[in-house]
>>> print(open('structure_14.cif').read())   # mmCIF, C-alpha atoms
data_work
#
loop_
_atom_site.group_PDB
_atom_site.id
_atom_site.type_symbol
_atom_site.label_atom_id
_atom_site.label_comp_id
_atom_site.auth_asym_id
_atom_site.auth_seq_id
_atom_site.Cartn_x
_atom_site.Cartn_y
_atom_site.Cartn_z
ATOM 1 C CA MET D 27 2.370 -2.177 1.548
ATOM 2 C CA GLN D 28 2.718 0.663 4.008
ATOM 3 C CA LEU D 29 3.172 4.406 3.866
ATOM 4 C CA THR D 30 6.833 5.409 4.277
ATOM 5 C CA ARG D 31 7.910 7.304 7.347
ATOM 6 C CA ALA D 32 8.873 10.221 5.135
ATOM 7 C CA ALA D 33 5.335 10.476 3.750
ATOM 8 C CA ASP D 34 3.852 10.082 7.204
ATOM 9 C CA TYR D 35 6.016 12.908 8.586
ATOM 10 C CA GLY D 36 5.233 14.937 5.465
ATOM 11 C CA VAL D 37 1.506 14.698 6.119
ATOM 12 C CA ARG D 38 1.958 15.582 9.776
ATOM 13 C CA VAL D 39 4.060 18.639 9.080
ATOM 14 C CA MET D 40 1.717 19.839 6.345
ATOM 15 C CA ILE D 41 -1.295 19.637 8.662
ATOM 16 C CA TYR D 42 0.660 21.396 11.396
ATOM 17 C CA LEU D 43 1.813 24.214 9.107
ATOM 18 C CA ALA D 44 -1.675 24.669 7.672
ATOM 19 C CA ALA D 45 -3.145 24.858 11.164
ATOM 20 C CA ALA D 46 -0.486 27.386 12.187
ATOM 21 C CA GLY D 47 -1.824 29.820 9.574
ATOM 22 C CA ALA D 48 -0.589 31.448 6.391
ATOM 23 C CA GLU D 49 1.454 34.059 8.230
ATOM 24 C CA SER D 50 3.275 31.737 10.605
ATOM 25 C CA ARG D 51 6.864 30.899 9.802
ATOM 26 C CA LEU D 52 8.143 28.009 11.872
ATOM 27 C CA SER D 53 11.649 26.694 12.419
ATOM 28 C CA LEU D 54 12.836 23.184 11.630
ATOM 29 C CA VAL D 55 13.387 22.524 15.337
ATOM 30 C CA ASP D 56 9.855 23.640 16.218
ATOM 31 C CA LEU D 57 8.351 21.536 13.456
ATOM 32 C CA ALA D 58 10.391 18.485 14.459
ATOM 33 C CA ALA D 59 9.214 18.860 18.054
ATOM 34 C CA ALA D 60 5.585 19.360 17.025
ATOM 35 C CA THR D 61 5.516 16.331 14.750
ATOM 36 C CA ASN D 62 7.826 14.180 16.873
ATOM 37 C CA ALA D 63 10.129 13.658 13.892
ATOM 38 C CA PRO D 64 13.939 13.435 13.906
ATOM 39 C CA VAL D 65 15.340 16.849 12.861
ATOM 40 C CA SER D 66 17.677 15.594 10.117
ATOM 41 C CA PHE D 67 15.021 13.321 8.645
ATOM 42 C CA LEU D 68 12.358 16.033 8.705
ATOM 43 C CA SER D 69 14.793 18.435 7.063
ATOM 44 C CA LYS D 70 14.859 16.227 3.943
ATOM 45 C CA VAL D 71 11.086 15.853 3.970
ATOM 46 C CA LEU D 72 10.690 19.647 4.143
ATOM 47 C CA GLN D 73 13.103 20.026 1.240
ATOM 48 C CA THR D 74 10.934 17.715 -0.857
ATOM 49 C CA LEU D 75 7.760 19.566 0.144
ATOM 50 C CA SER D 76 9.463 22.828 -0.781
ATOM 51 C CA HIS D 77 10.474 21.451 -4.205
ATOM 52 C CA ALA D 78 6.847 20.431 -4.722
ATOM 53 C CA GLY D 79 5.788 24.005 -3.994
ATOM 54 C CA PHE D 80 3.716 23.085 -0.951
ATOM 55 C CA ILE D 81 5.778 25.148 1.481
ATOM 56 C CA THR D 82 8.211 28.049 1.288
ATOM 57 C CA SER D 83 11.381 28.475 3.297
ATOM 58 C CA ARG D 84 13.533 31.422 4.265
ATOM 59 C CA ARG D 85 16.984 31.328 5.816
ATOM 60 C CA GLY D 86 18.216 33.512 8.650
ATOM 61 C CA GLN D 87 17.099 34.557 12.114
ATOM 62 C CA SER D 88 13.561 35.420 11.036
ATOM 63 C CA GLY D 89 13.473 32.482 8.655
ATOM 64 C CA GLY D 90 11.628 29.195 8.737
ATOM 65 C CA PHE D 91 8.954 27.297 6.892
ATOM 66 C CA ARG D 92 5.537 28.486 5.835
ATOM 67 C CA MET D 93 2.591 26.893 4.042
ATOM 68 C CA SER D 94 2.076 28.078 0.461
ATOM 69 C CA SER D 95 -1.323 28.534 -1.154
ATOM 70 C CA ARG D 96 -0.562 25.468 -3.248
ATOM 71 C CA GLY D 97 0.123 23.496 -0.093
ATOM 72 C CA ARG D 98 -3.119 24.665 1.448
ATOM 73 C CA ALA D 99 -4.979 23.361 -1.607
ATOM 74 C CA ALA D 100 -3.168 20.004 -1.552
ATOM 75 C CA SER D 101 -4.734 16.669 -0.612
ATOM 76 C CA LEU D 102 -3.236 13.834 1.401
ATOM 77 C CA LEU D 103 -2.657 12.077 -1.902
ATOM 78 C CA ASP D 104 -0.720 15.065 -3.290
ATOM 79 C CA VAL D 105 1.559 15.098 -0.253
ATOM 80 C CA ILE D 106 2.157 11.343 -0.261
ATOM 81 C CA GLU D 107 2.916 11.290 -3.985
ATOM 82 C CA ALA D 108 5.203 14.318 -3.765
ATOM 83 C CA ILE D 109 7.314 12.353 -1.281
ATOM 84 C CA ASP D 110 6.928 8.692 -2.237
ATOM 85 C CA GLY D 111 6.101 9.046 -5.918
ATOM 86 C CA LYS D 112 2.937 7.837 -7.607
ATOM 87 C CA ILE D 113 1.033 5.217 -5.637
ATOM 88 C CA CYS D 114 1.201 1.886 -7.469
ATOM 89 C CA LEU D 115 -0.318 -1.068 -5.688
ATOM 90 C CA ASN D 116 1.468 -3.459 -8.020
ATOM 91 C CA VAL D 117 4.230 -3.189 -10.612
ATOM 92 C CA CYS D 118 1.738 -3.703 -13.445
ATOM 93 C CA LEU D 119 0.123 -0.383 -12.504
ATOM 94 C CA VAL D 120 3.328 1.662 -12.808
ATOM 95 C CA PRO D 121 2.588 4.436 -15.333
ATOM 96 C CA GLY D 122 4.403 4.079 -18.621
ATOM 97 C CA LYS D 123 5.031 0.370 -18.142
ATOM 98 C CA SER D 124 3.113 -1.876 -20.407
ATOM 99 C CA CYS D 125 2.006 -5.381 -19.570
ATOM 100 C CA GLY D 126 1.705 -7.744 -22.490
ATOM 101 C CA ARG D 127 -0.741 -10.027 -20.702
ATOM 102 C CA LYS D 128 -3.078 -7.343 -19.392
ATOM 103 C CA ALA D 129 -5.925 -8.535 -21.612
ATOM 104 C CA SER D 130 -5.798 -12.072 -20.224
ATOM 105 C CA CYS D 131 -4.998 -11.227 -16.604
ATOM 106 C CA PRO D 132 -7.879 -11.647 -14.145
ATOM 107 C CA ALA D 133 -5.993 -10.008 -11.261
ATOM 108 C CA HIS D 134 -5.020 -6.796 -13.072
ATOM 109 C CA PRO D 135 -8.461 -5.098 -12.867
ATOM 110 C CA ILE D 136 -8.651 -5.980 -9.163
ATOM 111 C CA TRP D 137 -5.312 -4.278 -8.434
ATOM 112 C CA ALA D 138 -6.530 -1.289 -10.419
ATOM 113 C CA ASP D 139 -9.870 -1.187 -8.551
ATOM 114 C CA ALA D 140 -8.222 -1.523 -5.135
ATOM 115 C CA GLN D 141 -5.780 1.249 -5.950
ATOM 116 C CA ARG D 142 -8.561 3.476 -7.278
ATOM 117 C CA ALA D 143 -10.608 2.972 -4.106
ATOM 118 C CA MET D 144 -7.683 3.887 -1.850
ATOM 119 C CA VAL D 145 -6.548 6.837 -3.955
ATOM 120 C CA GLN D 146 -10.082 8.227 -4.037
ATOM 121 C CA VAL D 147 -10.200 8.446 -0.235
ATOM 122 C CA LEU D 148 -6.752 10.064 -0.036
ATOM 123 C CA SER D 149 -7.496 12.576 -2.794
ATOM 124 C CA ARG D 150 -10.680 13.740 -1.080
ATOM 125 C CA ALA D 151 -8.891 14.571 2.177
ATOM 126 C CA GLY D 152 -7.654 18.155 1.901
ATOM 127 C CA ILE D 153 -4.779 19.401 4.051
ATOM 128 C CA ALA D 154 -6.653 22.625 4.870
ATOM 129 C CA SER D 155 -9.756 20.840 6.122
ATOM 130 C CA LEU D 156 -7.673 18.342 8.119
ATOM 131 C CA ALA D 157 -5.869 21.281 9.708
ATOM 132 C CA ALA D 158 -9.188 22.893 10.631
ATOM 133 C CA GLU D 159 -10.341 19.606 12.079
ATOM 134 C CA SER D 160 -7.091 19.252 13.984
ATOM 135 C CA MET D 161 -7.662 22.646 15.595
ATOM 136 C CA GLU D 162 -11.217 21.727 16.559
ATOM 137 C CA LEU D 163 -10.070 18.425 18.031
ATOM 138 C CA THR D 164 -7.436 20.105 20.161
ATOM 139 C CA LEU D 165 -9.561 23.087 21.203
ATOM 140 C CA ASP D 166 -9.738 21.776 24.735
ATOM 141 C CA SER D 167 -6.046 21.095 25.072
ATOM 142 C CA GLU D 168 -3.977 23.297 27.364
ATOM 143 C CA SER D 169 -1.483 24.422 24.770
ATOM 144 C CA ARG D 170 -4.039 25.235 22.076
ATOM 145 C CA GLN D 171 -1.317 24.202 19.594
ATOM 146 C CA PRO D 172 -2.429 22.210 16.529
ATOM 147 C CA SER D 173 -1.760 18.541 17.171
ATOM 148 C CA SER D 174 0.734 16.521 15.199
ATOM 149 C CA SER D 175 -0.694 13.356 13.740
ATOM 150 C CA CYS D 176 -1.408 10.273 15.797
ATOM 151 C CA GLN D 177 1.459 8.263 14.373
ATOM 152 C CA ALA D 178 4.033 10.205 16.387
ATOM 153 C CA GLU D 179 4.076 8.010 19.443
ATOM 154 C CA THR D 180 3.788 4.766 17.551
ATOM 155 C CA LEU D 181 6.693 5.670 15.303
ATOM 156 C CA ALA D 182 8.828 6.714 18.231
ATOM 157 C CA GLU D 183 8.172 3.355 19.853
ATOM 158 C CA SER D 184 8.910 1.245 16.793
ATOM 159 C CA MET P 3 3.280 1.212 -0.717
ATOM 160 C CA GLN P 4 3.387 -1.691 -3.100
ATOM 161 C CA LEU P 5 2.548 -5.361 -3.018
ATOM 162 C CA THR P 6 5.641 -7.506 -2.417
ATOM 163 C CA ARG P 7 6.865 -9.813 -5.150
ATOM 164 C CA ALA P 8 6.162 -12.765 -2.891
ATOM 165 C CA ALA P 9 2.496 -11.797 -2.582
ATOM 166 C CA ASP P 10 2.260 -11.115 -6.302
ATOM 167 C CA TYR P 11 3.705 -14.546 -7.139
ATOM 168 C CA GLY P 12 1.444 -16.057 -4.478
ATOM 169 C CA VAL P 13 -1.655 -14.670 -6.143
ATOM 170 C CA ARG P 14 -0.483 -15.823 -9.562
ATOM 171 C CA VAL P 15 0.227 -19.350 -8.441
ATOM 172 C CA MET P 16 -3.060 -19.610 -6.550
ATOM 173 C CA ILE P 17 -5.046 -18.543 -9.612
ATOM 174 C CA TYR P 18 -3.073 -20.968 -11.755
ATOM 175 C CA LEU P 19 -3.602 -23.904 -9.376
ATOM 176 C CA ALA P 20 -7.306 -23.130 -9.021
ATOM 177 C CA ALA P 21 -7.687 -23.004 -12.791
ATOM 178 C CA ALA P 22 -5.828 -26.305 -13.134
ATOM 179 C CA GLY P 23 -8.547 -28.030 -11.128
ATOM 180 C CA ALA P 24 -8.888 -29.817 -7.811
ATOM 181 C CA GLU P 25 -7.353 -33.043 -9.117
ATOM 182 C CA SER P 26 -4.275 -31.553 -10.751
ATOM 183 C CA ARG P 27 -0.991 -31.879 -8.917
ATOM 184 C CA LEU P 28 1.684 -29.661 -10.403
ATOM 185 C CA SER P 29 5.439 -29.578 -9.860
ATOM 186 C CA LEU P 30 7.420 -26.605 -8.612
ATOM 187 C CA VAL P 31 9.173 -26.349 -11.969
ATOM 188 C CA ASP P 32 5.874 -26.304 -13.872
ATOM 189 C CA LEU P 33 4.411 -23.681 -11.551
ATOM 190 C CA ALA P 34 7.520 -21.514 -11.793
ATOM 191 C CA ALA P 35 7.355 -21.664 -15.588
ATOM 192 C CA ALA P 36 3.633 -20.912 -15.651
ATOM 193 C CA THR P 37 3.896 -17.919 -13.342
ATOM 194 C CA ASN P 38 7.268 -16.728 -14.618
ATOM 195 C CA ALA P 39 8.680 -16.831 -11.092
ATOM 196 C CA PRO P 40 12.195 -17.857 -10.010
ATOM 197 C CA VAL P 41 12.062 -21.486 -8.776
ATOM 198 C CA SER P 42 13.805 -20.923 -5.428
ATOM 199 C CA PHE P 43 11.712 -17.848 -4.650
ATOM 200 C CA LEU P 44 8.462 -19.551 -5.596
ATOM 201 C CA SER P 45 9.417 -22.523 -3.448
ATOM 202 C CA LYS P 46 9.297 -20.312 -0.336
ATOM 203 C CA VAL P 47 6.015 -18.740 -1.422
ATOM 204 C CA LEU P 48 4.491 -22.204 -1.889
ATOM 205 C CA GLN P 49 5.711 -23.210 1.561
ATOM 206 C CA THR P 50 3.904 -20.220 3.064
ATOM 207 C CA LEU P 51 0.722 -20.992 1.125
ATOM 208 C CA SER P 52 0.949 -24.579 2.333
ATOM 209 C CA HIS P 53 1.337 -23.443 5.959
ATOM 210 C CA ALA P 54 -1.754 -21.271 5.484
ATOM 211 C CA GLY P 55 -3.662 -24.358 4.306
ATOM 212 C CA PHE P 56 -4.365 -22.961 0.842
ATOM 213 C CA ILE P 57 -2.478 -25.701 -0.995
ATOM 214 C CA THR P 58 -1.279 -29.210 -0.247
ATOM 215 C CA SER P 59 2.015 -30.728 -1.300
ATOM 216 C CA ARG P 60 3.278 -34.254 -1.744
ATOM 217 C CA ARG P 61 6.848 -35.363 -2.256
ATOM 218 C CA GLY P 62 8.064 -37.969 -4.723
ATOM 219 C CA GLN P 63 7.691 -38.767 -8.390
ATOM 220 C CA SER P 64 3.908 -38.390 -8.403
ATOM 221 C CA GLY P 65 4.117 -35.466 -6.016
ATOM 222 C CA GLY P 66 3.549 -31.768 -6.461
ATOM 223 C CA PHE P 67 1.224 -29.003 -5.362
ATOM 224 C CA ARG P 68 -2.549 -28.978 -5.395
ATOM 225 C CA MET P 69 -5.198 -26.436 -4.441
ATOM 226 C CA SER P 70 -7.071 -27.215 -1.211
ATOM 227 C CA SER P 71 -10.748 -26.472 -0.652
ATOM 228 C CA ARG P 72 -9.657 -23.708 1.720
ATOM 229 C CA GLY P 73 -7.505 -22.226 -1.021
ATOM 230 C CA ARG P 74 -10.379 -22.366 -3.463
ATOM 231 C CA ALA P 75 -12.491 -20.382 -1.009
ATOM 232 C CA ALA P 76 -9.764 -17.778 -0.385
ATOM 233 C CA SER P 77 -9.838 -14.182 -1.573
ATOM 234 C CA LEU P 78 -6.985 -12.085 -2.937
ATOM 235 C CA LEU P 79 -6.831 -10.448 0.472
ATOM 236 C CA ASP P 80 -6.454 -13.830 2.205
ATOM 237 C CA VAL P 81 -3.538 -14.752 -0.052
ATOM 238 C CA ILE P 82 -1.799 -11.398 0.301
ATOM 239 C CA GLU P 83 -2.154 -11.401 4.087
ATOM 240 C CA ALA P 84 -0.987 -15.020 4.383
ATOM 241 C CA ILE P 85 2.248 -13.971 2.702
ATOM 242 C CA ASP P 86 2.805 -10.334 3.688
ATOM 243 C CA GLY P 87 0.903 -10.231 6.958
ATOM 244 C CA LYS P 88 -2.025 -7.968 7.736
ATOM 245 C CA ILE P 89 -2.349 -4.969 5.433
ATOM 246 C CA CYS P 90 -1.649 -1.793 7.402
ATOM 247 C CA LEU P 91 -1.560 1.398 5.407
ATOM 248 C CA ASN P 92 0.166 3.202 8.262
ATOM 249 C CA VAL P 93 1.831 2.159 11.519
ATOM 250 C CA CYS P 94 -1.056 3.598 13.541
ATOM 251 C CA LEU P 95 -3.318 0.928 12.016
ATOM 252 C CA VAL P 96 -1.179 -2.023 13.123
ATOM 253 C CA PRO P 97 -3.471 -4.288 15.197
ATOM 254 C CA GLY P 98 -2.665 -4.381 18.883
ATOM 255 C CA LYS P 99 -0.745 -1.118 18.785
ATOM 256 C CA SER P 100 -2.391 1.747 20.524
ATOM 257 C CA CYS P 101 -2.021 5.376 19.552
ATOM 258 C CA GLY P 102 -2.338 7.861 22.374
ATOM 259 C CA ARG P 103 -3.293 10.717 20.090
ATOM 260 C CA LYS P 104 -5.910 8.890 18.042
ATOM 261 C CA ALA P 105 -8.719 11.040 19.417
ATOM 262 C CA SER P 106 -7.055 14.269 18.284
ATOM 263 C CA CYS P 107 -5.591 13.030 15.008
ATOM 264 C CA PRO P 108 -7.366 14.243 11.853
ATOM 265 C CA ALA P 109 -5.374 11.934 9.549
ATOM 266 C CA HIS P 110 -6.046 8.690 11.410
ATOM 267 C CA PRO P 111 -9.635 8.182 10.163
ATOM 268 C CA ILE P 112 -8.478 8.893 6.597
ATOM 269 C CA TRP P 113 -5.809 6.185 6.769
ATOM 270 C CA ALA P 114 -8.441 3.830 8.174
ATOM 271 C CA ASP P 115 -10.956 4.735 5.434
ATOM 272 C CA ALA P 116 -8.387 4.353 2.648
ATOM 273 C CA GLN P 117 -7.305 0.989 3.989
ATOM 274 C CA ARG P 118 -10.905 -0.167 4.366
ATOM 275 C CA ALA P 119 -11.700 0.820 0.767
ATOM 276 C CA MET P 120 -8.713 -1.086 -0.603
ATOM 277 C CA VAL P 121 -9.233 -4.145 1.590
ATOM 278 C CA GLN P 122 -12.902 -4.316 0.596
ATOM 279 C CA VAL P 123 -11.994 -4.662 -3.084
ATOM 280 C CA LEU P 124 -9.351 -7.312 -2.382
ATOM 281 C CA SER P 125 -11.619 -9.317 -0.071
ATOM 282 C CA ARG P 126 -14.379 -9.471 -2.667
ATOM 283 C CA ALA P 127 -12.113 -10.988 -5.317
ATOM 284 C CA GLY P 128 -12.221 -14.750 -4.880
ATOM 285 C CA ILE P 129 -9.426 -16.972 -6.184
ATOM 286 C CA ALA P 130 -11.920 -19.449 -7.662
ATOM 287 C CA SER P 131 -13.793 -16.826 -9.648
ATOM 288 C CA LEU P 132 -10.550 -15.248 -10.852
ATOM 289 C CA ALA P 133 -9.406 -18.672 -12.003
ATOM 290 C CA ALA P 134 -12.672 -19.174 -13.906
ATOM 291 C CA GLU P 135 -12.237 -15.760 -15.465
ATOM 292 C CA SER P 136 -8.653 -16.566 -16.345
ATOM 293 C CA MET P 137 -9.791 -19.680 -18.223
ATOM 294 C CA GLU P 138 -12.440 -17.726 -20.106
ATOM 295 C CA LEU P 139 -9.924 -15.044 -21.034
ATOM 296 C CA THR P 140 -7.497 -17.589 -22.410
ATOM 297 C CA LEU P 141 -10.082 -19.786 -24.118
ATOM 298 C CA ASP P 142 -8.831 -18.715 -27.504
ATOM 299 C CA SER P 143 -5.171 -19.276 -26.763
ATOM 300 C CA GLU P 144 -3.407 -22.181 -28.435
ATOM 301 C CA SER P 145 -2.246 -23.869 -25.280
ATOM 302 C CA ARG P 146 -5.567 -23.632 -23.455
ATOM 303 C CA GLN P 147 -3.477 -23.423 -20.281
ATOM 304 C CA PRO P 148 -4.723 -21.035 -17.556
ATOM 305 C CA SER P 149 -2.778 -17.820 -17.818
ATOM 306 C CA SER P 150 -0.430 -16.619 -15.124
ATOM 307 C CA SER P 151 -1.137 -13.099 -13.951
ATOM 308 C CA CYS P 152 -0.179 -10.087 -15.993
ATOM 309 C CA GLN P 153 2.673 -9.019 -13.723
ATOM 310 C CA ALA P 154 4.926 -11.815 -14.980
ATOM 311 C CA GLU P 155 6.550 -9.926 -17.807
ATOM 312 C CA THR P 156 6.781 -6.644 -15.965
ATOM 313 C CA LEU P 157 8.482 -8.261 -12.997
ATOM 314 C CA ALA P 158 10.873 -10.142 -15.199
ATOM 315 C CA GLU P 159 11.857 -6.875 -16.856
ATOM 316 C CA SER P 160 12.383 -4.912 -13.669
#
>>> encode(input="structure_14.cif", output="C-alpha cells")
Amino acid sequence: MQLTRAADYGVRVMIYLAAAGAESRLSLVDLAAATNAPVSFLSKVLQTLSHAGFITSRRGQSGGFRMSSRGRAASLLDVIEAIDGKICLNVCLVPGKSCGRKASCPAHPIWADAQRAMVQVLSRAGIASLAAESMELTLDSESRQPSSSCQAETLAES
Amino acid sequence: MQLTRAADYGVRVMIYLAAAGAESRLSLVDLAAATNAPVSFLSKVLQTLSHAGFITSRRGQSGGFRMSSRGRAASLLDVIEAIDGKICLNVCLVPGKSCGRKASCPAHPIWADAQRAMVQVLSRAGIASLAAESMELTLDSESRQPSSSCQAETLAES
C-alpha cells in the first residue's frame, strides 16, 4: 500500500514545473536532474502528465515541458490518479465493481472511511500552493532553484 | 496503493474467528470456505497471524485455529501491519530511513498527513466490534454464521 515511483516522480516534476513559472520551458534532462529521476522513466511519466493535460511539450531546440493552467490547478490527488489510476484501498472499492455482500460486511465501511480520509488530504493539496511553498522553503539555498521533493535521495538509495 | 490480498484475507479471517467466539476452534478448510480464500494461501496468512499472537493453533483431530485475547483486542491496522508490515504511503515515510531534503520538501508533510488520516481510521476499528457488527448484520440470514468480509466475491472474480 504505497505510492508508485511513477506517481512520486510525477508529483515532484509537477511541483518543480509549477515553481519554475508559466513561461519556463524545461528539458527532459533538466527535469530528470532536478527531480533525481532516471531520464527514461521520467520521460514516460511526462508523457502521461501531458496526456492528462497537466503539462505541454514542444519538440526541437527551443522545446521542452511547461506547466499548463490545468496542471497549475491540479491537486496531489489529481496527479497521483492521472498516473496510477483511481485510488482504491481495497478491491471492493474499485468503481464499477459491485460487491454482493456489501450490506453484511462490517469491514467495507471502514475501508471506505480510510480511503475517504486519505483522499481528502491529497485533494486539498494544490500543486500551485506546494510550488509556492517549495520556493519559500528554498529561499535561502544558494541556487535559488525550486527543490525537488524529499523522496529523491531515499529513492536513489533504495 | 492497495491492500494486499493477504491482508484482506487476514482481516476477514480475524473477524470470522472473533465472531465464532473464544471457545470455537475452526479448521483451515472451514475458515477457507467461510472467507472464500484459497486454502494454501490462507494457510500462510494464518501462520503470520499466529506468529503475531492474534490466533492460536493446535494440530490433530480436535485441532484448529482460535482467536487469542490479543487478537480480540487488535484493530484493523494491527492485522494489516502484522501481515503487510508498517503502512508507508511513500518511501520517505519508511521508519528508520532519513530524508536529507525533508526540511525543504513541500510534499512530505502531505504524505504524512494523508497517512495519518488513513491510519487513524484503521486503528479505531477493532476486530471484536467488527465481529459483533458482523453478527448483527447477518442475524436474519438462514445460516446464522458470521459473514466473511465483502471482498470475497470480488476477489474471486478478479
>>> atom_distance(input="structure_14.cif", atom1="atom CA of Ile136 of chain D", atom2="atom CA of Leu79 of chain P")
10.8 Å
>>> closest_atom_pairs(input="structure_14.cif", of="chain D", to="chain P", cutoff="6 Å", atoms="only C-alpha atoms", output="tab-separated table")
residue	atom	partner	partner_atom	distance
D:Met27	CA	P:Met3	CA	4.2
D:Gln28	CA	P:Leu91	CA	4.6
D:Leu29	CA	P:Asn92	CA	5.5
D:Leu115	CA	P:Gln4	CA	4.6
D:Asn116	CA	P:Leu5	CA	5.5
D:Cys118	CA	P:Gln153	CA	5.4
D:Arg127	CA	P:Cys152	CA	4.7
D:Lys128	CA	P:Cys152	CA	5.2
D:Ser130	CA	P:Leu139	CA	5.1
D:Cys131	CA	P:Cys152	CA	5.0
D:Pro132	CA	P:Ser136	CA	5.4
D:Ala140	CA	P:Met120	CA	4.6
D:Ala143	CA	P:Ala119	CA	5.4
D:Met144	CA	P:Ala116	CA	4.6
D:Val147	CA	P:Ala116	CA	5.3
D:Leu156	CA	P:Pro108	CA	5.6
D:Ser160	CA	P:Pro108	CA	5.5
D:Leu163	CA	P:Ser106	CA	5.1
D:Ser175	CA	P:Cys107	CA	5.1
D:Cys176	CA	P:Arg103	CA	4.7
D:Gln177	CA	P:Cys94	CA	5.4
>>> axis_aligned_box(input="structure_14.cif", around="segment 66-80 of chain P", padding_each_side="8 Å", output="AutoDock Vina command-line options")
--center_x -4.5 --center_y -21.1 --center_z -2.1 --size_x 32.0 --size_y 37.3 --size_z 24.7
>>> atom_distance(input="structure_14.cif", atom1="atom CA of Pro40 of chain P", atom2="atom CA of Gly122 of chain D")
24.8 Å
>>> atom_distance(input="structure_14.cif", atom1="atom CA of Ser42 of chain P", atom2="atom CA of Leu30 of chain P")
9.1 Å
>>> resolve_selection(input="structure_14.cif", expression="the PyMOL selection byres ((chain P and resi 24) around 7)", output="list of chain:residue names")
P:Ala20, P:Gly23, P:Glu25, P:Ser26, P:Arg68, P:Met69
>>> closest_residue(input="structure_14.cif", among="P:Ala9, P:Gly128, P:Leu28, P:Tyr18", to="Ser64 of chain P", atoms="only C-alpha atoms")
P:Leu28
>>> decode(input="structure_14.cif", residues="segment 64-102 of chain D", atoms="C-alpha atoms", output="PDB file, in the first residue's frame")
ATOM      1  CA  PRO D  64      16.010   8.338 -14.299  1.00  0.00           C
ATOM      2  CA  VAL D  65      15.608  10.066 -17.699  1.00  0.00           C
ATOM      3  CA  SER D  66      13.844   7.197 -19.495  1.00  0.00           C
ATOM      4  CA  PHE D  67      11.474   6.599 -16.594  1.00  0.00           C
ATOM      5  CA  LEU D  68      10.647  10.291 -16.227  1.00  0.00           C
ATOM      6  CA  SER D  69      10.031  10.506 -19.964  1.00  0.00           C
ATOM      7  CA  LYS D  70       7.088   8.091 -19.614  1.00  0.00           C
ATOM      8  CA  VAL D  71       5.766   9.940 -16.579  1.00  0.00           C
ATOM      9  CA  LEU D  72       5.873  13.232 -18.511  1.00  0.00           C
ATOM     10  CA  GLN D  73       4.025  11.595 -21.392  1.00  0.00           C
ATOM     11  CA  THR D  74       1.243  10.567 -19.016  1.00  0.00           C
ATOM     12  CA  LEU D  75       1.094  14.046 -17.473  1.00  0.00           C
ATOM     13  CA  SER D  76       0.908  15.505 -20.970  1.00  0.00           C
ATOM     14  CA  HIS D  77      -1.965  13.158 -21.910  1.00  0.00           C
ATOM     15  CA  ALA D  78      -3.758  14.301 -18.758  1.00  0.00           C
ATOM     16  CA  GLY D  79      -3.373  17.903 -19.901  1.00  0.00           C
ATOM     17  CA  PHE D  80      -1.285  18.940 -16.906  1.00  0.00           C
ATOM     18  CA  ILE D  81       1.767  19.896 -18.955  1.00  0.00           C
ATOM     19  CA  THR D  82       2.515  20.796 -22.561  1.00  0.00           C
ATOM     20  CA  SER D  83       5.527  19.731 -24.575  1.00  0.00           C
ATOM     21  CA  ARG D  84       7.263  21.055 -27.655  1.00  0.00           C
ATOM     22  CA  ARG D  85       9.935  19.325 -29.702  1.00  0.00           C
ATOM     23  CA  GLY D  86      13.072  20.927 -31.087  1.00  0.00           C
ATOM     24  CA  GLN D  87      15.936  23.077 -29.858  1.00  0.00           C
ATOM     25  CA  SER D  88      13.692  25.564 -28.067  1.00  0.00           C
ATOM     26  CA  GLY D  89      11.368  22.798 -26.945  1.00  0.00           C
ATOM     27  CA  GLY D  90      10.716  21.234 -23.576  1.00  0.00           C
ATOM     28  CA  PHE D  91       7.999  20.873 -20.999  1.00  0.00           C
ATOM     29  CA  ARG D  92       5.826  23.557 -19.489  1.00  0.00           C
ATOM     30  CA  MET D  93       3.069  23.603 -16.876  1.00  0.00           C
ATOM     31  CA  SER D  94      -0.435  24.141 -18.267  1.00  0.00           C
ATOM     32  CA  SER D  95      -3.140  26.118 -16.495  1.00  0.00           C
ATOM     33  CA  ARG D  96      -4.897  22.824 -15.841  1.00  0.00           C
ATOM     34  CA  GLY D  97      -1.750  21.477 -14.230  1.00  0.00           C
ATOM     35  CA  ARG D  98      -1.434  24.556 -12.067  1.00  0.00           C
ATOM     36  CA  ALA D  99      -4.979  23.969 -10.809  1.00  0.00           C
ATOM     37  CA  ALA D 100      -4.361  20.268 -10.123  1.00  0.00           C
ATOM     38  CA  SER D 101      -4.113  18.676  -6.679  1.00  0.00           C
ATOM     39  CA  LEU D 102      -1.765  15.954  -5.492  1.00  0.00           C
TER      40      LEU D 102
END
